[in-house]
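Heads up, protein.pdb below (PDB, C-alpha atoms):
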ATOM      1  CA  MET V   1       7.482  29.192 -71.534
ATOM      2  CA  THR V   2       5.060  26.571 -72.826
ATOM      3  CA  ALA V   3       4.447  23.227 -71.170
ATOM      4  CA  THR V   4       5.757  21.504 -74.292
ATOM      5  CA  ARG V   5       9.086  23.303 -74.128
ATOM      6  CA  LEU V   6       9.422  22.529 -70.410
ATOM      7  CA  TRP V   7       8.803  18.878 -71.158
ATOM      8  CA  LEU V   8      11.383  18.809 -73.943
ATOM      9  CA  ILE V   9      13.986  20.428 -71.722
ATOM     10  CA  SER V  10      13.370  17.984 -68.905
ATOM     11  CA  MET V  11      13.598  15.035 -71.276
ATOM     12  CA  LEU V  12      16.822  16.328 -72.785
ATOM     13  CA  PHE V  13      18.358  16.752 -69.346
ATOM     14  CA  ALA V  14      17.167  13.403 -68.010
ATOM     15  CA  GLY V  15      18.395  11.476 -71.055
ATOM     16  CA  ALA V  16      15.037   9.997 -71.955
ATOM     17  CA  LEU V  17      16.123   9.533 -75.574
ATOM     18  CA  LEU V  18      18.575   6.907 -74.395
ATOM     19  CA  ALA V  19      16.331   5.413 -71.751
ATOM     20  CA  GLY V  20      13.736   4.849 -74.452
ATOM     21  CA  GLY V  21      15.922   2.223 -76.056
ATOM     22  CA  SER V  22      17.655   4.155 -78.830
ATOM     23  CA  THR V  23      21.232   3.297 -79.627
ATOM     24  CA  ALA V  24      23.533   5.794 -77.937
ATOM     25  CA  GLU V  25      26.431   7.627 -79.415
ATOM     26  CA  ALA V  26      29.573   7.279 -77.321
ATOM     27  CA  HIS V  27      29.618  10.802 -76.011
ATOM     28  CA  PRO V  28      27.476  12.978 -73.752
ATOM     29  CA  HIS V  29      24.909  15.536 -74.883
ATOM     30  CA  VAL V  30      24.604  17.599 -71.702
ATOM     31  CA  TRP V  31      27.467  18.661 -69.420
ATOM     32  CA  VAL V  32      26.989  19.395 -65.728
ATOM     33  CA  THR V  33      29.460  20.757 -63.172
ATOM     34  CA  SER V  34      28.459  19.554 -59.715
ATOM     35  CA  THR V  35      29.076  20.600 -56.119
ATOM     36  CA  SER V  36      27.732  18.602 -53.180
ATOM     37  CA  GLU V  37      27.110  19.290 -49.520
ATOM     38  CA  LEU V  38      26.540  16.248 -47.328
ATOM     39  CA  VAL V  39      24.229  17.432 -44.563
ATOM     40  CA  TYR V  40      24.296  15.867 -41.081
ATOM     41  CA  ALA V  41      21.944  16.059 -38.108
ATOM     42  CA  PRO V  42      23.177  16.901 -34.578
ATOM     43  CA  ASP V  43      23.223  13.177 -33.714
ATOM     44  CA  GLY V  44      25.795  12.513 -36.443
ATOM     45  CA  SER V  45      23.465  10.915 -38.986
ATOM     46  CA  LEU V  46      23.489  11.892 -42.656
ATOM     47  CA  THR V  47      20.159  13.450 -43.614
ATOM     48  CA  GLY V  48      20.739  14.207 -47.299
ATOM     49  CA  VAL V  49      22.769  15.859 -50.029
ATOM     50  CA  ARG V  50      22.478  19.452 -51.170
ATOM     51  CA  TYR V  51      23.439  19.783 -54.834
ATOM     52  CA  ALA V  52      24.279  22.645 -57.154
ATOM     53  CA  TRP V  53      24.429  21.540 -60.799
ATOM     54  CA  THR V  54      25.634  24.066 -63.383
ATOM     55  CA  PHE V  55      24.732  23.291 -66.992
ATOM     56  CA  ASP V  56      26.854  23.891 -70.072
ATOM     57  CA  ASP V  57      26.320  27.015 -72.145
ATOM     58  CA  MET V  58      24.482  25.272 -74.999
ATOM     59  CA  PHE V  59      21.928  23.628 -72.738
ATOM     60  CA  SER V  60      21.536  26.818 -70.702
ATOM     61  CA  SER V  61      20.938  28.886 -73.815
ATOM     62  CA  TYR V  62      18.311  26.459 -75.090
ATOM     63  CA  ALA V  63      16.562  26.193 -71.730
ATOM     64  CA  LEU V  64      16.332  29.958 -71.316
ATOM     65  CA  GLN V  65      14.621  30.489 -74.655
ATOM     66  CA  GLY V  66      11.050  31.588 -74.086
ATOM     67  CA  VAL V  67      11.417  32.295 -70.364
ATOM     68  CA  GLU V  68       9.431  35.447 -69.697
ATOM     69  CA  THR V  69      11.307  38.036 -67.637
ATOM     70  CA  ARG V  70      10.499  41.473 -66.310
ATOM     71  CA  THR V  71      14.007  42.661 -67.168
ATOM     72  CA  LYS V  72      15.651  41.525 -70.391
ATOM     73  CA  GLY V  73      18.602  39.229 -69.739
ATOM     74  CA  VAL V  74      17.925  39.038 -65.993
ATOM     75  CA  TYR V  75      16.309  35.875 -64.618
ATOM     76  CA  THR V  76      14.879  35.742 -61.107
ATOM     77  CA  ARG V  77      14.300  32.579 -59.086
ATOM     78  CA  GLU V  78      10.569  33.138 -59.415
ATOM     79  CA  GLU V  79      10.784  33.305 -63.210
ATOM     80  CA  LEU V  80      12.938  30.173 -63.360
ATOM     81  CA  GLN V  81      10.890  28.164 -60.841
ATOM     82  CA  PRO V  82       8.718  26.332 -63.445
ATOM     83  CA  LEU V  83      11.901  25.179 -65.187
ATOM     84  CA  ALA V  84      13.428  24.076 -61.881
ATOM     85  CA  GLN V  85      10.303  22.114 -60.976
ATOM     86  CA  THR V  86      10.195  20.375 -64.333
ATOM     87  CA  ASN V  87      13.806  19.256 -64.016
ATOM     88  CA  VAL V  88      13.584  17.919 -60.467
ATOM     89  CA  GLU V  89      10.416  16.023 -61.343
ATOM     90  CA  ALA V  90      12.168  14.434 -64.329
ATOM     91  CA  LEU V  91      15.115  13.403 -62.142
ATOM     92  CA  LYS V  92      13.021  10.964 -60.114
ATOM     93  CA  GLU V  93      12.847   8.424 -62.937
ATOM     94  CA  PHE V  94      16.636   8.338 -63.031
ATOM     95  CA  ASP V  95      17.232   8.130 -59.265
ATOM     96  CA  TYR V  96      18.648  11.642 -59.310
ATOM     97  CA  PHE V  97      21.867  10.329 -60.904
ATOM     98  CA  SER V  98      22.991   9.529 -57.353
ATOM     99  CA  VAL V  99      23.947   6.269 -55.647
ATOM    100  CA  ALA V 100      24.545   6.442 -51.900
ATOM    101  CA  LYS V 101      25.775   3.538 -49.778
ATOM    102  CA  ALA V 102      26.252   3.420 -46.019
ATOM    103  CA  ASP V 103      28.649   0.686 -44.932
ATOM    104  CA  GLY V 104      27.971  -1.000 -48.266
ATOM    105  CA  LYS V 105      24.163  -0.842 -48.067
ATOM    106  CA  LYS V 106      22.394   1.201 -50.720
ATOM    107  CA  GLN V 107      20.309   4.097 -49.414
ATOM    108  CA  GLN V 108      17.059   5.476 -50.824
ATOM    109  CA  PHE V 109      16.273   9.128 -51.440
ATOM    110  CA  GLN V 110      13.083  11.097 -51.039
ATOM    111  CA  GLU V 111      11.951  13.601 -53.646
ATOM    112  CA  PRO V 112      14.002  16.839 -53.825
ATOM    113  CA  VAL V 113      13.069  19.837 -51.698
ATOM    114  CA  ASP V 114      14.154  23.477 -51.563
ATOM    115  CA  TYR V 115      14.859  23.501 -55.285
ATOM    116  CA  PHE V 116      15.436  26.568 -57.411
ATOM    117  CA  MET V 117      17.421  27.759 -60.403
ATOM    118  CA  ASP V 118      19.575  30.792 -61.031
ATOM    119  CA  ALA V 119      21.394  32.110 -64.072
ATOM    120  CA  LYS V 120      24.819  33.727 -64.050
ATOM    121  CA  ASP V 121      27.091  34.569 -66.970
ATOM    122  CA  GLY V 122      24.742  32.703 -69.296
ATOM    123  CA  LEU V 123      24.866  29.452 -67.307
ATOM    124  CA  LEU V 124      21.950  27.865 -65.473
ATOM    125  CA  THR V 125      22.450  26.255 -62.066
ATOM    126  CA  LEU V 126      19.924  23.919 -60.474
ATOM    127  CA  HIS V 127      20.022  23.877 -56.660
ATOM    128  CA  PHE V 128      18.176  21.233 -54.660
ATOM    129  CA  MET V 129      18.251  19.252 -51.442
ATOM    130  CA  LEU V 130      17.972  15.473 -51.824
ATOM    131  CA  PRO V 131      16.903  13.993 -48.457
ATOM    132  CA  LEU V 132      17.521  10.389 -47.501
ATOM    133  CA  LYS V 133      14.356   8.432 -46.787
ATOM    134  CA  THR V 134      15.943   7.390 -43.504
ATOM    135  CA  PRO V 135      18.855   9.334 -41.940
ATOM    136  CA  VAL V 136      21.794   7.006 -41.441
ATOM    137  CA  LYS V 137      24.926   6.732 -39.331
ATOM    138  CA  SER V 138      27.850   4.851 -40.855
ATOM    139  CA  LYS V 139      31.582   4.403 -40.599
ATOM    140  CA  GLU V 140      31.930   4.582 -44.357
ATOM    141  CA  LEU V 141      29.622   6.417 -46.712
ATOM    142  CA  SER V 142      29.947   6.598 -50.487
ATOM    143  CA  LEU V 143      28.123   8.838 -52.936
ATOM    144  CA  ASP V 144      28.482   8.265 -56.671
ATOM    145  CA  VAL V 145      27.217  10.942 -59.052
ATOM    146  CA  TYR V 146      26.897   9.896 -62.694
ATOM    147  CA  ASP V 147      24.550   9.063 -65.550
ATOM    148  CA  PRO V 148      24.745   5.320 -66.387
ATOM    149  CA  THR V 149      23.941   6.074 -70.035
ATOM    150  CA  PHE V 150      26.591   8.816 -70.301
ATOM    151  CA  PHE V 151      23.980  11.086 -71.886
ATOM    152  CA  VAL V 152      24.757  13.608 -69.132
ATOM    153  CA  ASP V 153      28.430  14.088 -68.279
ATOM    154  CA  PHE V 154      28.873  15.044 -64.626
ATOM    155  CA  LYS V 155      32.086  16.784 -63.615
ATOM    156  CA  LEU V 156      32.961  17.765 -60.063
ATOM    157  CA  ALA V 157      33.721  21.443 -59.610
ATOM    158  CA  ASP V 158      37.405  22.348 -59.489
ATOM    159  CA  GLN V 159      37.004  24.354 -56.275
ATOM    160  CA  GLU V 160      35.426  22.673 -53.227
ATOM    161  CA  PRO V 161      33.493  19.977 -55.143
ATOM    162  CA  ALA V 162      32.142  18.407 -51.943
ATOM    163  CA  LYS V 163      32.004  19.292 -48.262
ATOM    164  CA  LEU V 164      30.481  18.163 -44.986
ATOM    165  CA  VAL V 165      27.843  20.260 -43.205
ATOM    166  CA  GLY V 166      27.317  19.533 -39.518
ATOM    167  CA  ALA V 167      29.229  16.243 -39.596
ATOM    168  CA  PRO V 168      31.077  14.913 -36.528
ATOM    169  CA  ALA V 169      34.527  16.491 -36.255
ATOM    170  CA  ALA V 170      36.339  13.190 -36.804
ATOM    171  CA  CYS V 171      34.697  12.524 -40.191
ATOM    172  CA  GLN V 172      36.922  12.896 -43.242
ATOM    173  CA  ILE V 173      35.758  13.443 -46.808
ATOM    174  CA  LYS V 174      37.558  12.315 -49.955
ATOM    175  CA  VAL V 175      36.777  12.948 -53.613
ATOM    176  CA  GLN V 176      37.697  10.607 -56.443
ATOM    177  CA  ARG V 177      37.288  11.856 -59.982
ATOM    178  CA  PRO V 178      36.895   9.410 -62.882
ATOM    179  CA  ALA V 179      39.809   8.643 -65.136
ATOM    180  CA  ASP V 180      39.578  10.351 -68.507
ATOM    181  CA  GLY V 181      37.918   7.744 -70.708
ATOM    182  CA  THR V 182      37.074  10.097 -73.563
ATOM    183  CA  ALA V 183      39.376   8.419 -76.077
ATOM    184  CA  THR V 184      37.990   5.001 -75.196
ATOM    185  CA  ALA V 185      34.430   6.255 -75.481
ATOM    186  CA  GLN V 186      34.984   7.750 -78.910
ATOM    187  CA  THR V 187      36.423   4.517 -80.323
ATOM    188  CA  LEU V 188      33.465   2.401 -79.259
ATOM    189  CA  GLY V 189      31.162   1.581 -82.140
ATOM    190  CA  GLU V 190      27.419   1.208 -82.078
ATOM    191  CA  GLN V 191      27.767  -2.561 -81.630
ATOM    192  CA  ASN V 192      29.096  -1.915 -78.137
ATOM    193  CA  PHE V 193      25.882  -0.160 -77.185
ATOM    194  CA  GLY V 194      23.342  -2.756 -78.209
ATOM    195  CA  ASP V 195      21.194  -4.915 -75.953
ATOM    196  CA  GLY V 196      21.183  -2.328 -73.180
ATOM    197  CA  ALA V 197      24.970  -2.185 -72.753
ATOM    198  CA  ASN V 198      24.814   1.592 -73.038
ATOM    199  CA  LEU V 199      22.755   1.718 -69.861
ATOM    200  CA  THR V 200      25.855   0.972 -67.741
ATOM    201  CA  PHE V 201      28.546   2.599 -69.854
ATOM    202  CA  GLY V 202      28.536   5.783 -67.767
ATOM    203  CA  VAL V 203      29.749   4.018 -64.624
ATOM    204  CA  MET V 204      33.326   4.387 -65.865
ATOM    205  CA  PHE V 205      32.802   8.163 -65.558
ATOM    206  CA  ALA V 206      31.321   8.081 -62.040
ATOM    207  CA  ASN V 207      32.431  10.694 -59.518
ATOM    208  CA  LYS V 208      32.860   9.154 -56.076
ATOM    209  CA  ILE V 209      32.643  10.981 -52.754
ATOM    210  CA  THR V 210      33.507   8.983 -49.641
ATOM    211  CA  VAL V 211      33.171   9.904 -45.981
ATOM    212  CA  ASN V 212      34.912   7.984 -43.214
ATOM    213  CA  CYS V 213      33.816   8.457 -39.607
ATOM    214  CA  PRO V 214      35.811   6.475 -37.025
TER     215      PRO V 214
END

Could you render the structure from this file as structure tokens?
Amino acid sequence: MTATRLWLISMLFAGALLAGGSTAEAHPHVWVTSTSELVYAPDGSLTGVRYAWTFDDMFSSYALQGVETRTKGVYTREELQPLAQTNVEALKEFDYFSVAKADGKKQQFQEPVDYFMDAKDGLLTLHFMLPLKTPVKSKELSLDVYDPTFFVDFKLADQEPAKLVGAPAACQIKVQRPADGTATAQTLGEQNFGDGANLTFGVMFANKITVNCP
């Protein structure tokens, strides 16, 4: 796969067309099904989030074009690693589509680690660990996963969309999916997306994960 194609794929995924100031259409262009693991240290502090993001079939098909494989139709982690690296590097500009708050205070993430991609049934999944810059203990933690521009539509997986790994036994996790705003989105005209308004439109589609630890 050429460097140019890798760049185009990363820009498509990251939504750079919208970030560049173009007027957005009121619908997404890439669909992602997400699962999250909130990872805790033995002392009860959150250390980061382990994601698995599965892309829609159209994006997956486009991304896989030109990937050289030893066996036709079979993609190994090694063969997909350049694509995985390109995507995680592109995510940095967009804060990894993740907003974490501990007791109301926004947390910062480090760059992703342990990233790789796999392909199954024609769909690509990007796996990566997103460490917090500083592990944090909190009574209430929130994690929102969404694209503010709504270029990428994030949907939580139907089965086990989020779970705790190593958290104190008393901690409870709750998942809140966004209300279906598709009809509203489709009726919005271009005038609603001028002057940067499109850059916050996606918040109405945010997926929220909350953890309460007494």

Out of V:Lys174, V:Gly48, V:Phe205, V:Ala90, which residue has the shortest atom-to-atom distance to V:Thr134 when counting only C-alpha atoms?
V:Gly48

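Among V:Val211, V:Leu91, V:Ala63, V:Ala206, the residue with the shortest atom-to-atom distance to V:Pro168, counting all atoms listed in the file, is V:Val211.
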
To one decimal place, how far is atom CA of V:Phe116 from atom CA of V:Gln85 in Å?
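If I compute the distance from atom CA of V:Phe116 to atom CA of V:Gln85, I get 7.7 Å.
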
May I ask for the distance between atom CA of V:Asp121 and atom CA of V:Asp147, given in Å to one decimal place?
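Atom CA of V:Asp121 sits 25.7 Å away from atom CA of V:Asp147.
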
Between atom CA of V:Val39 and atom CA of V:Pro148 lies a distance of 25.0 Å

Quick one: which residues end up in the PyMOL selection byres ((chain V and resi 117) around 8) for this structure, as a ChimeraX atom specification?
/V:77,80-81,83-84,115-116,118-119,124-127

Target residues per the PyMOL selection byres ((chain V and resi 129) around 12), formatted as a compact mmCIF listing (two decimals) with C-alpha atoms, keeping the file's coordinate frame:
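Writing the result to out32.txt gives the following:
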# COMPACT_ATOMS: atom_id res chain seq x y z
CA THR V 35 29.08 20.60 -56.12
CA SER V 36 27.73 18.60 -53.18
CA GLU V 37 27.11 19.29 -49.52
CA LEU V 38 26.54 16.25 -47.33
CA VAL V 39 24.23 17.43 -44.56
CA THR V 47 20.16 13.45 -43.61
CA GLY V 48 20.74 14.21 -47.30
CA VAL V 49 22.77 15.86 -50.03
CA ARG V 50 22.48 19.45 -51.17
CA TYR V 51 23.44 19.78 -54.83
CA ALA V 52 24.28 22.64 -57.15
CA TRP V 53 24.43 21.54 -60.80
CA VAL V 88 13.58 17.92 -60.47
CA TYR V 96 18.65 11.64 -59.31
CA PHE V 109 16.27 9.13 -51.44
CA GLN V 110 13.08 11.10 -51.04
CA GLU V 111 11.95 13.60 -53.65
CA PRO V 112 14.00 16.84 -53.82
CA VAL V 113 13.07 19.84 -51.70
CA ASP V 114 14.15 23.48 -51.56
CA TYR V 115 14.86 23.50 -55.28
CA PHE V 116 15.44 26.57 -57.41
CA LEU V 126 19.92 23.92 -60.47
CA HIS V 127 20.02 23.88 -56.66
CA PHE V 128 18.18 21.23 -54.66
CA LEU V 130 17.97 15.47 -51.82
CA PRO V 131 16.90 13.99 -48.46
CA LEU V 132 17.52 10.39 -47.50

Return as AutoDock Vina command-line options the box centre and box size in Å, one decimal, for an axis-aligned box around all listed atoms of stretch 128-131 of chain V padded by 3 Å per side.
--center_x 17.6 --center_y 17.6 --center_z -51.6 --size_x 7.3 --size_y 13.2 --size_z 12.2

Between V:Val145, V:Ser138, V:Thr33, V:Tyr75, which one has atoms that come closest to V:Glu160, using all atoms listed in the file?
V:Thr33

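Among the candidates V:Gln108, V:Lys155, V:Gly73, V:Ala100, the residue lying nearest to V:Trp31 is V:Lys155 (atoms considered: only C-alpha atoms).
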
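With the shown file loaded, the PyMOL selection byres ((chain V and resi 175) around 8) picks out Pro161, Ala162, Ile173, Lys174, Gln176, Arg177, Asn207, Lys208, Ile209 and Thr210 of chain V.
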
C-alpha atoms of the current selection, written as a PDB file, keeping the file's coordinate frame:
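Written file, selection-v3.pdb:
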ATOM      1  CA  PRO V 161      33.493  19.977 -55.143  1.00  0.00           C
ATOM      2  CA  ALA V 162      32.142  18.407 -51.943  1.00  0.00           C
ATOM      3  CA  ILE V 173      35.758  13.443 -46.808  1.00  0.00           C
ATOM      4  CA  LYS V 174      37.558  12.315 -49.955  1.00  0.00           C
ATOM      5  CA  GLN V 176      37.697  10.607 -56.443  1.00  0.00           C
ATOM      6  CA  ARG V 177      37.288  11.856 -59.982  1.00  0.00           C
ATOM      7  CA  ASN V 207      32.431  10.694 -59.518  1.00  0.00           C
ATOM      8  CA  LYS V 208      32.860   9.154 -56.076  1.00  0.00           C
ATOM      9  CA  ILE V 209      32.643  10.981 -52.754  1.00  0.00           C
ATOM     10  CA  THR V 210      33.507   8.983 -49.641  1.00  0.00           C
TER      11      THR V 210
END

Find, counting all atoms listed in the file, the residue in V:Val99, V:Met58, V:Ala169, V:Leu164 that gets nearest to V:Tyr146.
V:Val99

Minimum-distance residue to V:Val136, chosen among V:Asp95, V:Asp57, V:Asp103, V:Glu68 (using all atoms listed in the file)
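The shortest atom-to-atom distance to V:Val136 comes from V:Asp103.
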
(26.2, 13.6, -37.8) in this file's frame - what residues fall within 9 Å of it? Use only C-alpha atoms and give the answer as a PyMOL selection string.
chain V and resi 39-47+136-137+165-169+171

Write out as number ranges by chain which residues come within 10 Å of V:Val74 when counting only C-alpha atoms, dropping same-chain ones fewer than 2 positions away.
V: 68-72, 76, 79, 118-120, 122

Since we have the selection now, will you write its residues out, keeping C-alpha atoms, as a PDB file, keeping the file's coordinate frame?
ATOM      1  CA  GLU V  68       9.431  35.447 -69.697  1.00  0.00           C
ATOM      2  CA  THR V  69      11.307  38.036 -67.637  1.00  0.00           C
ATOM      3  CA  ARG V  70      10.499  41.473 -66.310  1.00  0.00           C
ATOM      4  CA  THR V  71      14.007  42.661 -67.168  1.00  0.00           C
ATOM      5  CA  LYS V  72      15.651  41.525 -70.391  1.00  0.00           C
ATOM      6  CA  THR V  76      14.879  35.742 -61.107  1.00  0.00           C
ATOM      7  CA  GLU V  79      10.784  33.305 -63.210  1.00  0.00           C
ATOM      8  CA  ASP V 118      19.575  30.792 -61.031  1.00  0.00           C
ATOM      9  CA  ALA V 119      21.394  32.110 -64.072  1.00  0.00           C
ATOM     10  CA  LYS V 120      24.819  33.727 -64.050  1.00  0.00           C
ATOM     11  CA  GLY V 122      24.742  32.703 -69.296  1.00  0.00           C
TER      12      GLY V 122
END

Atoms are missing here; could stretch 37-57 of chain V be completed with N, CA and C atoms and written as a PDB file, in the frame of the given file?
ATOM      1  N   GLU V  37      26.984  19.108 -50.961  1.00  0.00           N
ATOM      2  CA  GLU V  37      27.110  19.290 -49.520  1.00  0.00           C
ATOM      3  C   GLU V  37      26.397  18.126 -48.842  1.00  0.00           C
ATOM      4  N   LEU V  38      27.129  17.349 -48.067  1.00  0.00           N
ATOM      5  CA  LEU V  38      26.540  16.248 -47.328  1.00  0.00           C
ATOM      6  C   LEU V  38      26.110  16.782 -45.965  1.00  0.00           C
ATOM      7  N   VAL V  39      24.815  16.751 -45.715  1.00  0.00           N
ATOM      8  CA  VAL V  39      24.229  17.432 -44.563  1.00  0.00           C
ATOM      9  C   VAL V  39      23.944  16.431 -43.440  1.00  0.00           C
ATOM     10  N   TYR V  40      24.442  16.752 -42.243  1.00  0.00           N
ATOM     11  CA  TYR V  40      24.296  15.867 -41.081  1.00  0.00           C
ATOM     12  C   TYR V  40      23.415  16.507 -40.010  1.00  0.00           C
ATOM     13  N   ALA V  41      22.737  15.638 -39.255  1.00  0.00           N
ATOM     14  CA  ALA V  41      21.944  16.059 -38.108  1.00  0.00           C
ATOM     15  C   ALA V  41      22.845  16.142 -36.879  1.00  0.00           C
ATOM     16  N   PRO V  42      22.371  16.786 -35.798  1.00  0.00           N
ATOM     17  CA  PRO V  42      23.177  16.901 -34.578  1.00  0.00           C
ATOM     18  C   PRO V  42      23.620  15.557 -33.997  1.00  0.00           C
ATOM     19  N   ASP V  43      22.853  14.488 -34.255  1.00  0.00           N
ATOM     20  CA  ASP V  43      23.223  13.177 -33.714  1.00  0.00           C
ATOM     21  C   ASP V  43      24.262  12.453 -34.563  1.00  0.00           C
ATOM     22  N   GLY V  44      24.753  13.108 -35.612  1.00  0.00           N
ATOM     23  CA  GLY V  44      25.795  12.513 -36.443  1.00  0.00           C
ATOM     24  C   GLY V  44      25.296  11.667 -37.588  1.00  0.00           C
ATOM     25  N   SER V  45      24.005  11.683 -37.865  1.00  0.00           N
ATOM     26  CA  SER V  45      23.465  10.915 -38.986  1.00  0.00           C
ATOM     27  C   SER V  45      23.358  11.790 -40.228  1.00  0.00           C
ATOM     28  N   LEU V  46      23.629  11.192 -41.374  1.00  0.00           N
ATOM     29  CA  LEU V  46      23.489  11.892 -42.656  1.00  0.00           C
ATOM     30  C   LEU V  46      22.013  12.016 -42.983  1.00  0.00           C
ATOM     31  N   THR V  47      21.574  13.230 -43.299  1.00  0.00           N
ATOM     32  CA  THR V  47      20.159  13.450 -43.614  1.00  0.00           C
ATOM     33  C   THR V  47      19.909  13.628 -45.114  1.00  0.00           C
ATOM     34  N   GLY V  48      20.937  14.017 -45.872  1.00  0.00           N
ATOM     35  CA  GLY V  48      20.739  14.207 -47.299  1.00  0.00           C
ATOM     36  C   GLY V  48      21.908  14.913 -47.950  1.00  0.00           C
ATOM     37  N   VAL V  49      21.735  15.209 -49.231  1.00  0.00           N
ATOM     38  CA  VAL V  49      22.769  15.859 -50.029  1.00  0.00           C
ATOM     39  C   VAL V  49      22.189  17.108 -50.668  1.00  0.00           C
ATOM     40  N   ARG V  50      22.883  18.208 -50.525  1.00  0.00           N
ATOM     41  CA  ARG V  50      22.478  19.452 -51.170  1.00  0.00           C
ATOM     42  C   ARG V  50      23.348  19.664 -52.403  1.00  0.00           C
ATOM     43  N   TYR V  51      22.715  19.688 -53.567  1.00  0.00           N
ATOM     44  CA  TYR V  51      23.439  19.783 -54.834  1.00  0.00           C
ATOM     45  C   TYR V  51      23.334  21.183 -55.441  1.00  0.00           C
ATOM     46  N   ALA V  52      24.346  21.528 -56.224  1.00  0.00           N
ATOM     47  CA  ALA V  52      24.279  22.645 -57.154  1.00  0.00           C
ATOM     48  C   ALA V  52      24.859  22.137 -58.469  1.00  0.00           C
ATOM     49  N   TRP V  53      24.026  22.065 -59.498  1.00  0.00           N
ATOM     50  CA  TRP V  53      24.429  21.540 -60.799  1.00  0.00           C
ATOM     51  C   TRP V  53      24.385  22.666 -61.832  1.00  0.00           C
ATOM     52  N   THR V  54      25.535  23.007 -62.381  1.00  0.00           N
ATOM     53  CA  THR V  54      25.634  24.066 -63.383  1.00  0.00           C
ATOM     54  C   THR V  54      25.723  23.444 -64.767  1.00  0.00           C
ATOM     55  N   PHE V  55      24.811  23.859 -65.653  1.00  0.00           N
ATOM     56  CA  PHE V  55      24.732  23.291 -66.992  1.00  0.00           C
ATOM     57  C   PHE V  55      25.655  24.011 -67.972  1.00  0.00           C
ATOM     58  N   ASP V  56      26.008  23.306 -69.034  1.00  0.00           N
ATOM     59  CA  ASP V  56      26.854  23.891 -70.072  1.00  0.00           C
ATOM     60  C   ASP V  56      26.126  25.020 -70.787  1.00  0.00           C
ATOM     61  N   ASP V  57      26.891  25.817 -71.525  1.00  0.00           N
ATOM     62  CA  ASP V  57      26.320  27.015 -72.145  1.00  0.00           C
ATOM     63  C   ASP V  57      25.275  26.699 -73.212  1.00  0.00           C
TER      64      ASP V  57
END
